[in-house]
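Structure file work-v2.txt (compact mmCIF, C-alpha atoms) is printed below.
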# COMPACT_ATOMS: atom_id res chain seq x y z
CA LEU Z 997 2.98 -12.07 -5.36
CA LEU Z 998 3.28 -14.61 -8.18
CA GLN Z 999 7.07 -14.93 -8.03
CA SER Z 1000 7.02 -15.47 -4.25
CA ASN Z 1001 4.12 -17.92 -4.32
CA ARG Z 1002 4.94 -20.33 -7.13
CA GLY Z 1003 2.71 -23.39 -7.14
CA GLU Z 1004 -0.29 -21.46 -5.87
CA THR Z 1005 -3.28 -20.57 -8.05
CA PHE Z 1006 -4.43 -16.97 -7.96
CA ARG Z 1007 -7.33 -15.01 -9.32
CA LEU Z 1008 -6.30 -11.38 -9.28
CA PHE Z 1009 -8.68 -8.44 -9.50
CA LEU Z 1010 -7.32 -4.99 -10.30
CA ILE Z 1011 -9.67 -2.10 -9.53
CA THR Z 1012 -8.54 0.78 -11.71
CA THR Z 1013 -9.56 3.86 -13.65
CA ALA Z 1014 -6.75 3.32 -16.20
CA ASP Z 1015 -7.50 2.16 -19.74
CA ASP Z 1016 -6.66 -1.32 -21.02
CA ALA Z 1017 -3.76 -0.07 -23.16
CA ALA Z 1018 -1.87 1.10 -20.08
CA LEU Z 1019 -2.28 -2.32 -18.46
CA GLU Z 1020 -1.72 -4.69 -21.36
CA GLY Z 1021 1.49 -6.03 -19.82
CA LEU Z 1022 -0.60 -7.66 -17.10
CA HIS Z 1023 -1.94 -10.20 -19.58
CA GLU Z 1024 1.61 -11.31 -20.35
CA ILE Z 1025 2.24 -11.80 -16.63
CA GLY Z 1026 -0.98 -13.79 -16.26
CA CYS Z 1027 0.04 -16.14 -19.06
CA ARG Z 1028 3.55 -16.56 -17.69
CA TYR Z 1029 2.40 -17.58 -14.21
CA GLY Z 1030 -0.83 -19.31 -15.20
CA CYS Z 1031 -3.13 -17.03 -13.23
CA THR Z 1032 -6.28 -15.12 -14.05
CA ILE Z 1033 -6.07 -11.31 -13.96
CA VAL Z 1034 -9.39 -9.50 -14.11
CA LEU Z 1035 -9.49 -5.74 -14.72
CA LEU Z 1036 -12.38 -4.07 -12.92
CA GLY Z 1037 -12.92 -0.66 -14.43
CA THR Z 1038 -14.95 2.09 -12.84
CA ASP Z 1039 -15.80 5.64 -13.84
CA GLY Z 1040 -15.15 6.71 -10.26
CA ARG Z 1041 -18.45 8.55 -9.85
CA ALA Z 1042 -19.10 6.97 -6.45
CA ILE Z 1043 -15.90 8.50 -5.06
CA GLU Z 1044 -15.87 11.69 -7.11
CA GLY Z 1045 -15.11 14.81 -5.09
CA LEU Z 1046 -13.74 13.02 -2.03
CA PRO Z 1047 -10.80 14.86 -0.44
CA VAL Z 1048 -7.16 14.03 -1.28
CA ALA Z 1049 -3.80 15.67 -0.66
CA GLY Z 1050 -0.10 15.23 -1.31
CA HIS Z 1051 0.86 11.94 -2.98
CA ILE Z 1052 -2.61 10.50 -2.30
CA SER Z 1053 -5.00 10.40 -5.27
CA VAL Z 1054 -8.70 9.64 -5.42
CA ALA Z 1055 -7.70 6.11 -6.47
CA SER Z 1056 -7.05 5.44 -2.78
CA TYR Z 1057 -10.81 5.27 -2.31
CA LEU Z 1058 -11.26 2.51 -4.90
CA ARG Z 1059 -10.90 -0.18 -2.24
CA LEU Z 1060 -14.20 1.02 -0.77
CA LEU Z 1061 -15.94 -0.20 -3.96
CA MET Z 1062 -14.69 -3.80 -3.75
CA GLY Z 1063 -18.03 -5.15 -2.54
CA GLU Z 1064 -19.86 -3.76 -5.57
CA LEU Z 1065 -17.23 -4.40 -8.23
CA LEU Z 1066 -16.08 -7.92 -7.44
CA PRO Z 1067 -18.20 -10.90 -8.57
CA LYS Z 1068 -20.83 -11.94 -6.04
CA GLU Z 1069 -19.40 -15.45 -5.75
CA VAL Z 1070 -16.15 -14.01 -4.34
CA ASP Z 1071 -16.57 -14.05 -0.57
CA ARG Z 1072 -12.97 -13.65 0.66
CA ILE Z 1073 -10.18 -11.48 -0.72
CA LEU Z 1074 -6.70 -10.31 0.17
CA TYR Z 1075 -6.63 -6.61 -0.65
CA LEU Z 1076 -3.21 -5.07 -1.40
CA ASP Z 1077 -2.27 -1.44 -2.02
CA SER Z 1078 -0.24 -0.66 -5.13
CA ASP Z 1079 2.87 0.42 -3.14
CA ILE Z 1080 3.48 -3.08 -1.80
CA VAL Z 1081 5.96 -5.85 -2.56
CA LEU Z 1082 5.24 -9.45 -1.56
CA ASN Z 1083 8.48 -11.17 -0.62
CA GLY Z 1084 7.21 -14.44 0.76
CA PRO Z 1085 4.36 -16.97 0.71
CA VAL Z 1086 0.92 -15.75 1.78
CA ASP Z 1087 -0.89 -19.09 2.16
CA GLU Z 1088 -0.77 -18.84 5.97
CA LEU Z 1089 -2.35 -15.41 5.84
CA TRP Z 1090 -5.00 -16.51 3.34
CA ARG Z 1091 -6.11 -19.45 5.51
CA MET Z 1092 -6.30 -17.34 8.68
CA ASP Z 1093 -9.48 -17.66 10.74
CA LEU Z 1094 -11.01 -14.21 11.06
CA GLY Z 1095 -12.94 -15.27 14.14
CA GLY Z 1096 -16.14 -13.59 13.01
CA ASN Z 1097 -14.42 -10.31 12.20
CA ILE Z 1098 -14.91 -8.54 8.87
CA VAL Z 1099 -11.25 -7.81 8.15
CA ALA Z 1100 -7.78 -8.59 9.44
CA ALA Z 1101 -5.21 -5.78 9.33
CA ALA Z 1102 -1.95 -4.63 10.93
CA ILE Z 1103 -1.64 -1.74 13.35
CA ASP Z 1104 -0.56 1.52 11.72
CA GLU Z 1105 2.95 2.28 12.95
CA VAL Z 1106 2.58 6.04 13.46
CA VAL Z 1107 -0.96 7.35 13.09
CA ASP Z 1108 -2.61 8.70 16.23
CA VAL Z 1109 -5.94 10.30 15.41
CA HIS Z 1110 -8.10 8.54 17.99
CA ASP Z 1111 -9.68 11.63 19.52
CA LYS Z 1112 -10.40 13.32 16.19
CA LEU Z 1113 -11.82 10.15 14.70
CA GLY Z 1114 -13.85 9.40 17.78
CA LEU Z 1115 -12.39 5.99 18.56
CA PRO Z 1116 -13.06 4.72 22.10
CA PRO Z 1117 -10.24 4.79 24.69
CA GLY Z 1118 -7.83 1.92 24.21
CA ALA Z 1119 -8.96 1.20 20.66
CA SER Z 1120 -6.33 0.43 18.03
CA TYR Z 1121 -6.04 1.98 14.56
CA PHE Z 1122 -5.13 -0.18 11.58
CA ASN Z 1123 -3.30 0.47 8.32
CA ALA Z 1124 -5.57 -0.29 5.35
CA GLY Z 1125 -2.83 -1.19 2.87
CA VAL Z 1126 -3.19 -4.92 3.50
CA LEU Z 1127 -6.64 -6.27 4.33
CA LEU Z 1128 -7.82 -9.85 4.56
CA VAL Z 1129 -11.55 -9.37 3.99
CA ASP Z 1130 -14.65 -11.47 4.61
CA LEU Z 1131 -16.36 -9.97 1.58
CA LYS Z 1132 -19.70 -11.56 2.42
CA LYS Z 1133 -19.83 -9.76 5.77
CA TRP Z 1134 -18.40 -6.60 4.16
CA ARG Z 1135 -21.34 -6.51 1.77
CA GLU Z 1136 -23.96 -7.44 4.36
CA THR Z 1137 -22.89 -4.62 6.66
CA GLY Z 1138 -22.37 -2.06 3.86
CA ILE Z 1139 -18.81 -1.23 4.93
CA GLY Z 1140 -17.77 0.50 1.69
CA ARG Z 1141 -20.89 2.66 1.42
CA ARG Z 1142 -20.76 3.60 5.11
CA ALA Z 1143 -17.07 4.57 4.84
CA ILE Z 1144 -17.81 6.83 1.86
CA ASP Z 1145 -20.66 8.41 3.83
CA VAL Z 1146 -18.30 9.18 6.72
CA VAL Z 1147 -15.86 10.96 4.40
CA ARG Z 1148 -18.60 12.97 2.69
CA ASN Z 1149 -20.74 13.81 5.71
CA GLU Z 1150 -18.20 14.03 8.55
CA PRO Z 1151 -14.98 15.35 6.97
CA HIS Z 1152 -13.96 16.95 10.27
CA ARG Z 1153 -13.21 13.44 11.57
CA ILE Z 1154 -10.99 12.45 8.66
CA THR Z 1155 -7.20 12.81 8.52
CA TRP Z 1156 -5.97 9.87 6.45
CA TRP Z 1157 -8.81 9.65 3.95
CA ASP Z 1158 -10.44 6.23 3.38
CA GLN Z 1159 -8.21 4.61 6.02
CA CYS Z 1160 -9.75 6.77 8.74
CA ALA Z 1161 -13.22 6.08 7.37
CA LEU Z 1162 -12.63 2.31 7.48
CA ASN Z 1163 -11.35 2.55 11.05
CA ALA Z 1164 -14.48 4.49 11.97
CA VAL Z 1165 -16.93 1.91 10.59
CA LEU Z 1166 -14.97 -1.23 11.50
CA GLN Z 1167 -14.51 -0.53 15.21
CA SER Z 1168 -14.23 -3.84 17.10
CA ARG Z 1169 -14.85 -5.77 13.85
CA TRP Z 1170 -11.24 -6.33 12.82
CA LEU Z 1171 -8.50 -8.79 13.75
CA ARG Z 1172 -4.96 -7.65 14.37
CA LEU Z 1173 -2.25 -9.03 12.07
CA ASP Z 1174 1.42 -9.40 12.87
CA ARG Z 1175 3.51 -6.68 11.21
CA ARG Z 1176 5.26 -9.23 8.98
CA TRP Z 1177 2.07 -9.15 6.92
CA ASN Z 1178 2.34 -5.39 6.48
CA LEU Z 1179 5.83 -4.08 7.21
CA GLN Z 1180 5.52 -0.30 7.04
CA THR Z 1181 8.38 2.12 6.53
CA HIS Z 1182 8.37 3.49 10.08
CA ALA Z 1183 8.88 -0.04 11.47
CA LEU Z 1184 12.36 -0.15 9.92
CA GLY Z 1185 13.88 2.61 12.04
CA ARG Z 1186 13.89 6.37 12.42
CA PHE Z 1187 12.18 8.24 9.59
CA THR Z 1188 13.77 11.67 9.00
CA GLY Z 1189 11.34 12.82 6.32
CA SER Z 1190 13.77 12.15 3.48
CA ARG Z 1191 15.23 8.77 4.45
CA VAL Z 1192 15.05 5.95 6.99
CA ILE Z 1193 17.86 5.21 9.44
CA VAL Z 1194 17.48 1.47 9.98
CA ASP Z 1195 18.05 -0.01 13.44
CA GLU Z 1196 18.67 -3.62 14.53
CA ALA Z 1197 15.00 -4.27 15.18
CA GLY Z 1198 14.21 -2.95 11.71
CA LEU Z 1199 16.71 -5.31 10.11
CA THR Z 1200 15.09 -8.27 11.86
CA ARG Z 1201 11.61 -7.16 10.81
CA ALA Z 1202 12.75 -6.76 7.21
CA LYS Z 1203 14.11 -10.33 7.15
CA ASP Z 1204 10.88 -11.71 8.59
CA ALA Z 1205 8.47 -9.70 6.43
CA ALA Z 1206 6.36 -11.46 3.81
CA ILE Z 1207 4.72 -8.18 2.73
CA VAL Z 1208 6.65 -4.89 2.52
CA HIS Z 1209 4.55 -1.72 2.41
CA PHE Z 1210 6.28 1.43 1.13
CA THR Z 1211 4.35 3.91 3.25
CA THR Z 1212 5.34 7.61 3.35
CA PRO Z 1213 6.29 9.51 0.15
CA LEU Z 1214 9.47 7.39 -0.15
CA LYS Z 1215 8.11 5.33 -3.03
CA PRO Z 1216 10.62 2.87 -4.50
CA TRP Z 1217 9.87 3.84 -8.13
CA LEU Z 1218 11.23 7.35 -7.48
CA TYR Z 1219 14.92 7.94 -8.09
CA THR Z 1220 15.29 10.37 -5.18
CA ALA Z 1221 13.56 8.15 -2.62
CA GLU Z 1222 16.08 6.81 -0.10
CA HIS Z 1223 14.31 3.67 1.15
CA PRO Z 1224 16.38 0.79 2.60
CA LEU Z 1225 14.26 -1.86 0.81
CA LYS Z 1226 14.05 -0.04 -2.52
CA GLN Z 1227 16.07 -2.66 -4.38
CA LEU Z 1228 13.50 -5.29 -3.47
CA TYR Z 1229 10.99 -3.45 -5.66
CA TRP Z 1230 13.43 -3.14 -8.55
CA ARG Z 1231 14.39 -6.81 -8.33
CA TYR Z 1232 10.80 -7.83 -8.99
CA LEU Z 1233 10.19 -5.05 -11.52
CA LYS Z 1234 12.97 -6.50 -13.70
CA LYS Z 1235 10.92 -9.68 -14.05
CA THR Z 1236 7.98 -7.79 -15.60
CA PRO Z 1237 7.19 -6.19 -18.98
CA TRP Z 1238 8.01 -2.84 -17.32
CA LYS Z 1239 11.67 -3.73 -16.67
CA GLY Z 1240 12.76 -0.74 -18.78
CA TYR Z 1241 10.92 1.74 -16.55
CA ARG Z 1242 12.75 5.03 -15.96
CA PRO Z 1243 11.96 7.04 -12.80
CA PRO Z 1244 10.23 10.32 -13.68
CA ASP Z 1245 12.49 12.28 -11.32
CA ARG Z 1246 15.83 10.99 -12.62
CA TYR Z 1247 17.77 13.77 -14.31
CA ALA Z 1248 21.13 15.53 -13.87
CA HIS Z 1249 20.07 17.74 -10.96
CA THR Z 1250 18.56 14.91 -8.88
CA ILE Z 1251 21.47 12.58 -9.64
CA LEU Z 1252 23.91 15.14 -8.25
CA CYS Z 1253 21.69 15.82 -5.21
CA ARG Z 1254 21.53 12.12 -4.43
CA ILE Z 1255 25.31 11.79 -4.65
CA LEU Z 1256 25.74 14.72 -2.26
CA VAL Z 1257 23.19 13.35 0.20
CA ARG Z 1258 24.98 10.02 0.30
CA TYR Z 1259 28.62 11.07 0.32
CA CYS Z 1260 28.90 14.74 1.23
CA PRO Z 1261 25.65 16.07 2.71
CA ILE Z 1262 27.35 19.17 4.10
CA LEU Z 1263 27.70 20.49 0.53
CA LEU Z 1264 24.06 19.99 -0.45
CA PRO Z 1265 22.74 23.33 0.95
CA HIS Z 1266 25.52 25.20 -0.88
CA TYR Z 1267 24.71 23.48 -4.15
CA LEU Z 1268 20.99 24.21 -3.80
CA ARG Z 1269 21.70 27.90 -3.15
CA LEU Z 1270 23.71 28.08 -6.39
CA ARG Z 1271 20.73 26.91 -8.48
Could you express the structure from this file as structure tokens?
Amino acid sequence: LLQSNRGETFRLFLITTADDAALEGLHEIGCRYGCTIVLLGTDGRAIEGLPVAGHISVASYLRLLMGELLPKEVDRILYLDSDIVLNGPVDELWRMDLGGNIVAAAIDEVVDVHDKLGLPPGASYFNAGVLLVDLKKWRETGIGRRAIDVVRNEPHRITWWDQCALNAVLQSRWLRLDRRWNLQTHALGRFTGSRVIVDEAGLTRAKDAAIVHFTTPLKPWLYTAEHPLKQLYWRYLKKTPWKGYRPPDRYAHTILCRILVRYCPILLPHYLRLR
């Protein structure tokens, strides 16, 4: 964000359950770029016990608390998930007229849970990783509290956790964004489950994207994740106090598996059987 938007002034809020010691590098970044970084801690009681699965943790629900945790004078925010890289200026997005809507968001590239969620015919379903939010309207209509209530009281409707809940309570109250403001992994090409086979359309979208969202379990900080835009994440990481980060899944076995996947995939099953 800061590297791609030099000359702009930002006030960043980080909603987290981590302690200050784990985040002390953020203060160095704030000083370097001349921006204010505010840590908003929470004990998580409001979202305690909400369902999660796979690589999703309860932290995913923290965005539902933005209305309560952010200062009352803040009436517009750009919410960003933690698995996102900003690779271009966002001033155009920030100035966007919401047209009376509560949020602006991009269509989710793959999710189809309309019947289960109870969305009306023809309704669209958005991805909640990037949200331009009218926080005044968010608070007035109790969006966060209502979304939590949906998850707790109507779990049979929920597939993708807080994202489904937000789609349920924001029906007809959101503006569609172009995918360049939230380029999701499936928009790059064919997703096989372990990698993405990029097509020509995906290459064009990647060049145009201002915000890249690493959806799916192919997170760029994992050694074994084969994501075509992974190096974008590492390029920016090298400019931070965490430039010496070592992927938790990088060891001899995974290094060999990755080599086989890239250069001789036919041998991978044989190697795995030998272990």
Problem - Atom-to-atom span, atom CA of Ser1053 of chain Z and atom CA of Thr1211 of chain Z, Å - result: 14.2 Å
Handout entry: Best match for closeness to Leu997 of chain Z among Z:Asn1097, Z:Asn1123, Z:Thr1212, Z:Ser1078, counting all atoms listed in the file
Key =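 Closest to Leu997 of chain Z of all the choices is Z:Ser1078.
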Practice task
Name the residues in contact with Leu1060 of chain Z at a cut-off of 9 Å, using all atoms listed in the file, excluding same-chain residues fewer than 4 positions from it; report them as a PyMOL selection string.
Solution key: chain Z and resi 1043+1056+1064+1139-1141+1143-1144+1158+1162
Please produce an output containing C-alpha atoms for each residue in the selection, written as a short mmCIF file (atom, residue, chain, number, x, y, z; two decimals), in the frame of the given file.
data_model
loop_
_atom_site.label_atom_id
_atom_site.label_comp_id
_atom_site.auth_asym_id
_atom_site.auth_seq_id
_atom_site.Cartn_x
_atom_site.Cartn_y
_atom_site.Cartn_z
CA ILE Z 1043 -15.90 8.50 -5.06
CA SER Z 1056 -7.05 5.44 -2.78
CA GLU Z 1064 -19.86 -3.76 -5.57
CA ILE Z 1139 -18.81 -1.23 4.93
CA GLY Z 1140 -17.77 0.50 1.69
CA ARG Z 1141 -20.89 2.66 1.42
CA ALA Z 1143 -17.07 4.57 4.84
CA ILE Z 1144 -17.81 6.83 1.86
CA ASP Z 1158 -10.44 6.23 3.38
CA LEU Z 1162 -12.63 2.31 7.48
#
Exercise for the section: Can you work out the spacing between atom CA of Ala1042 of chain Z and atom CA of Leu1061 of chain Z in Å, to one decimal? Expected result: 8.2 Å
Problem - Nearest to Lys1215 of chain Z by atom-to-atom distance, counting only C-alpha atoms, from Z:Asp1195, Z:Asp1039, Z:Glu1136, Z:Asp1079 - result: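 Among the listed residues, the smallest separation from Lys1215 of chain Z belongs to Z:Asp1079.
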Hey, which bits of segment 1100-1147 of chain Z sit within 9 Å of segment 1176-1179 of chain Z, and for each residue what's the closest pair of atoms and how far apart in Å (one decimal), counting all atoms listed in the file, rows by chain and increasing number, as a tab-separated table?
residue	atom	partner	partner_atom	distance
Z:Ala1101	CA	Z:Asn1178	CA	8.1
Z:Ala1102	CA	Z:Asn1178	CA	6.2
Z:Ile1103	CA	Z:Asn1178	CA	8.7
Z:Asn1123	CA	Z:Asn1178	CA	8.3
Z:Gly1125	CA	Z:Asn1178	CA	7.6
Z:Val1126	CA	Z:Asn1178	CA	6.3
Problem - Option closest in space to Leu1128 of chain Z, from Z:Arg1201, Z:Leu1173, Z:Leu1115, Z:Leu1228 [counting only C-alpha atoms] - result: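 Using only C-alpha atoms, the shortest distance to Leu1128 of chain Z belongs to Z:Leu1173.
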Problem - Surrounding residues of segment 1031-1037 of chain Z excluding itself and chain neighbours under 5 positions, 9 Å, only C-alpha atoms, as a ChimeraX atom specification - result: /Z:998,1005-1016,1019,1022-1023,1025-1026,1065-1066
Exercise for the section: Find the residue from Z:Arg1191, Z:Asp1071, Z:Trp1217, Z:Leu1225 that sits nearest to Gly1240 of chain Z; use all atoms listed in the file when measuring. Expected result: Z:Trp1217
Practice task
Name the closest residue to Glu1069 of chain Z among the candidates Z:Leu1131, Z:Ile1207, Z:Val1099, Z:Val1081; distances are taken between atoms, counting only C-alpha atoms.
Solution key: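 Answer, going by the shortest atom-to-atom distance: Z:Leu1131.
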Incomplete segment 1070-1081 of chain Z brought to all heavy atoms, written out as a CSV table (one decimal), in the coordinates of the input:
chain,number,residue,atom,x,y,z
Z,1070,VAL,N,-17.4,-14.2,-5.1
Z,1070,VAL,CA,-16.2,-14.0,-4.3
Z,1070,VAL,C,-16.5,-13.6,-2.9
Z,1070,VAL,O,-17.1,-12.5,-2.7
Z,1070,VAL,CB,-15.3,-13.0,-5.0
Z,1070,VAL,CG1,-14.0,-12.7,-4.2
Z,1070,VAL,CG2,-14.9,-13.4,-6.4
Z,1071,ASP,N,-16.2,-14.4,-1.9
Z,1071,ASP,CA,-16.6,-14.0,-0.6
Z,1071,ASP,C,-15.4,-13.8,0.4
Z,1071,ASP,O,-15.6,-13.5,1.6
Z,1071,ASP,CB,-17.5,-15.1,0.0
Z,1071,ASP,CG,-16.9,-16.5,0.0
Z,1071,ASP,OD1,-15.7,-16.6,-0.3
Z,1071,ASP,OD2,-17.6,-17.5,0.2
Z,1072,ARG,N,-14.2,-14.0,-0.1
Z,1072,ARG,CA,-13.0,-13.6,0.7
Z,1072,ARG,C,-11.9,-13.1,-0.3
Z,1072,ARG,O,-11.7,-13.7,-1.4
Z,1072,ARG,CB,-12.4,-14.9,1.4
Z,1072,ARG,CG,-11.1,-14.6,2.1
Z,1072,ARG,CD,-10.6,-15.8,2.9
Z,1072,ARG,NE,-11.2,-15.9,4.2
Z,1072,ARG,CZ,-10.5,-16.1,5.3
Z,1072,ARG,NH1,-9.2,-16.4,5.3
Z,1072,ARG,NH2,-11.1,-16.1,6.5
Z,1073,ILE,N,-11.3,-12.0,0.1
Z,1073,ILE,CA,-10.2,-11.5,-0.7
Z,1073,ILE,C,-9.0,-11.0,0.2
Z,1073,ILE,O,-9.2,-10.7,1.4
Z,1073,ILE,CB,-10.7,-10.3,-1.6
Z,1073,ILE,CG1,-11.1,-9.1,-0.7
Z,1073,ILE,CG2,-11.8,-10.7,-2.5
Z,1073,ILE,CD1,-11.1,-7.8,-1.4
Z,1074,LEU,N,-7.9,-11.0,-0.5
Z,1074,LEU,CA,-6.7,-10.3,0.2
Z,1074,LEU,C,-6.5,-9.0,-0.6
Z,1074,LEU,O,-6.1,-9.1,-1.8
Z,1074,LEU,CB,-5.5,-11.2,0.1
Z,1074,LEU,CG,-4.2,-10.6,0.6
Z,1074,LEU,CD1,-4.3,-10.2,2.1
Z,1074,LEU,CD2,-3.0,-11.6,0.4
Z,1075,TYR,N,-6.8,-7.9,0.0
Z,1075,TYR,CA,-6.6,-6.6,-0.6
Z,1075,TYR,C,-5.2,-6.1,-0.4
Z,1075,TYR,O,-4.7,-6.2,0.7
Z,1075,TYR,CB,-7.6,-5.6,-0.1
Z,1075,TYR,CG,-7.3,-4.2,-0.6
Z,1075,TYR,CD1,-7.7,-3.7,-1.8
Z,1075,TYR,CD2,-6.4,-3.3,0.2
Z,1075,TYR,CE1,-7.3,-2.5,-2.3
Z,1075,TYR,CE2,-6.0,-2.1,-0.2
Z,1075,TYR,CZ,-6.5,-1.7,-1.5
Z,1075,TYR,OH,-6.1,-0.4,-1.9
Z,1076,LEU,N,-4.6,-5.6,-1.5
Z,1076,LEU,CA,-3.2,-5.1,-1.4
Z,1076,LEU,C,-3.1,-3.7,-2.1
Z,1076,LEU,O,-3.6,-3.5,-3.2
Z,1076,LEU,CB,-2.2,-6.0,-2.1
Z,1076,LEU,CG,-2.2,-7.5,-1.6
Z,1076,LEU,CD1,-1.4,-8.3,-2.5
Z,1076,LEU,CD2,-1.6,-7.5,-0.2
Z,1077,ASP,N,-2.5,-2.7,-1.4
Z,1077,ASP,CA,-2.3,-1.4,-2.0
Z,1077,ASP,C,-1.3,-1.6,-3.2
Z,1077,ASP,O,-0.6,-2.6,-3.3
Z,1077,ASP,CB,-1.7,-0.5,-1.0
Z,1077,ASP,CG,-2.8,0.4,-0.3
Z,1077,ASP,OD1,-3.9,0.3,-0.7
Z,1077,ASP,OD2,-2.4,1.2,0.6
Z,1078,SER,N,-1.1,-0.6,-4.0
Z,1078,SER,CA,-0.2,-0.7,-5.1
Z,1078,SER,C,1.2,-0.4,-4.8
Z,1078,SER,O,2.1,-0.6,-5.6
Z,1078,SER,CB,-0.7,0.3,-6.2
Z,1078,SER,OG,-0.7,1.6,-5.7
Z,1079,ASP,N,1.5,0.1,-3.6
Z,1079,ASP,CA,2.9,0.4,-3.1
Z,1079,ASP,C,3.4,-0.7,-2.2
Z,1079,ASP,O,4.0,-0.4,-1.2
Z,1079,ASP,CB,3.0,1.8,-2.5
Z,1079,ASP,CG,2.0,2.0,-1.3
Z,1079,ASP,OD1,1.2,1.1,-1.0
Z,1079,ASP,OD2,2.1,3.0,-0.6
Z,1080,ILE,N,3.1,-1.9,-2.6
Z,1080,ILE,CA,3.5,-3.1,-1.8
Z,1080,ILE,C,4.3,-4.1,-2.6
Z,1080,ILE,O,4.1,-4.2,-3.8
Z,1080,ILE,CB,2.2,-3.7,-1.3
Z,1080,ILE,CG1,1.7,-3.0,0.0
Z,1080,ILE,CG2,2.3,-5.2,-1.0
Z,1080,ILE,CD1,0.4,-3.5,0.5
Z,1081,VAL,N,5.2,-4.7,-2.0
Z,1081,VAL,CA,6.0,-5.8,-2.6
Z,1081,VAL,C,5.8,-7.1,-1.7
Z,1081,VAL,O,6.0,-7.0,-0.5
Z,1081,VAL,CB,7.5,-5.5,-2.7
Z,1081,VAL,CG1,8.2,-6.8,-3.1
Z,1081,VAL,CG2,7.7,-4.5,-3.7
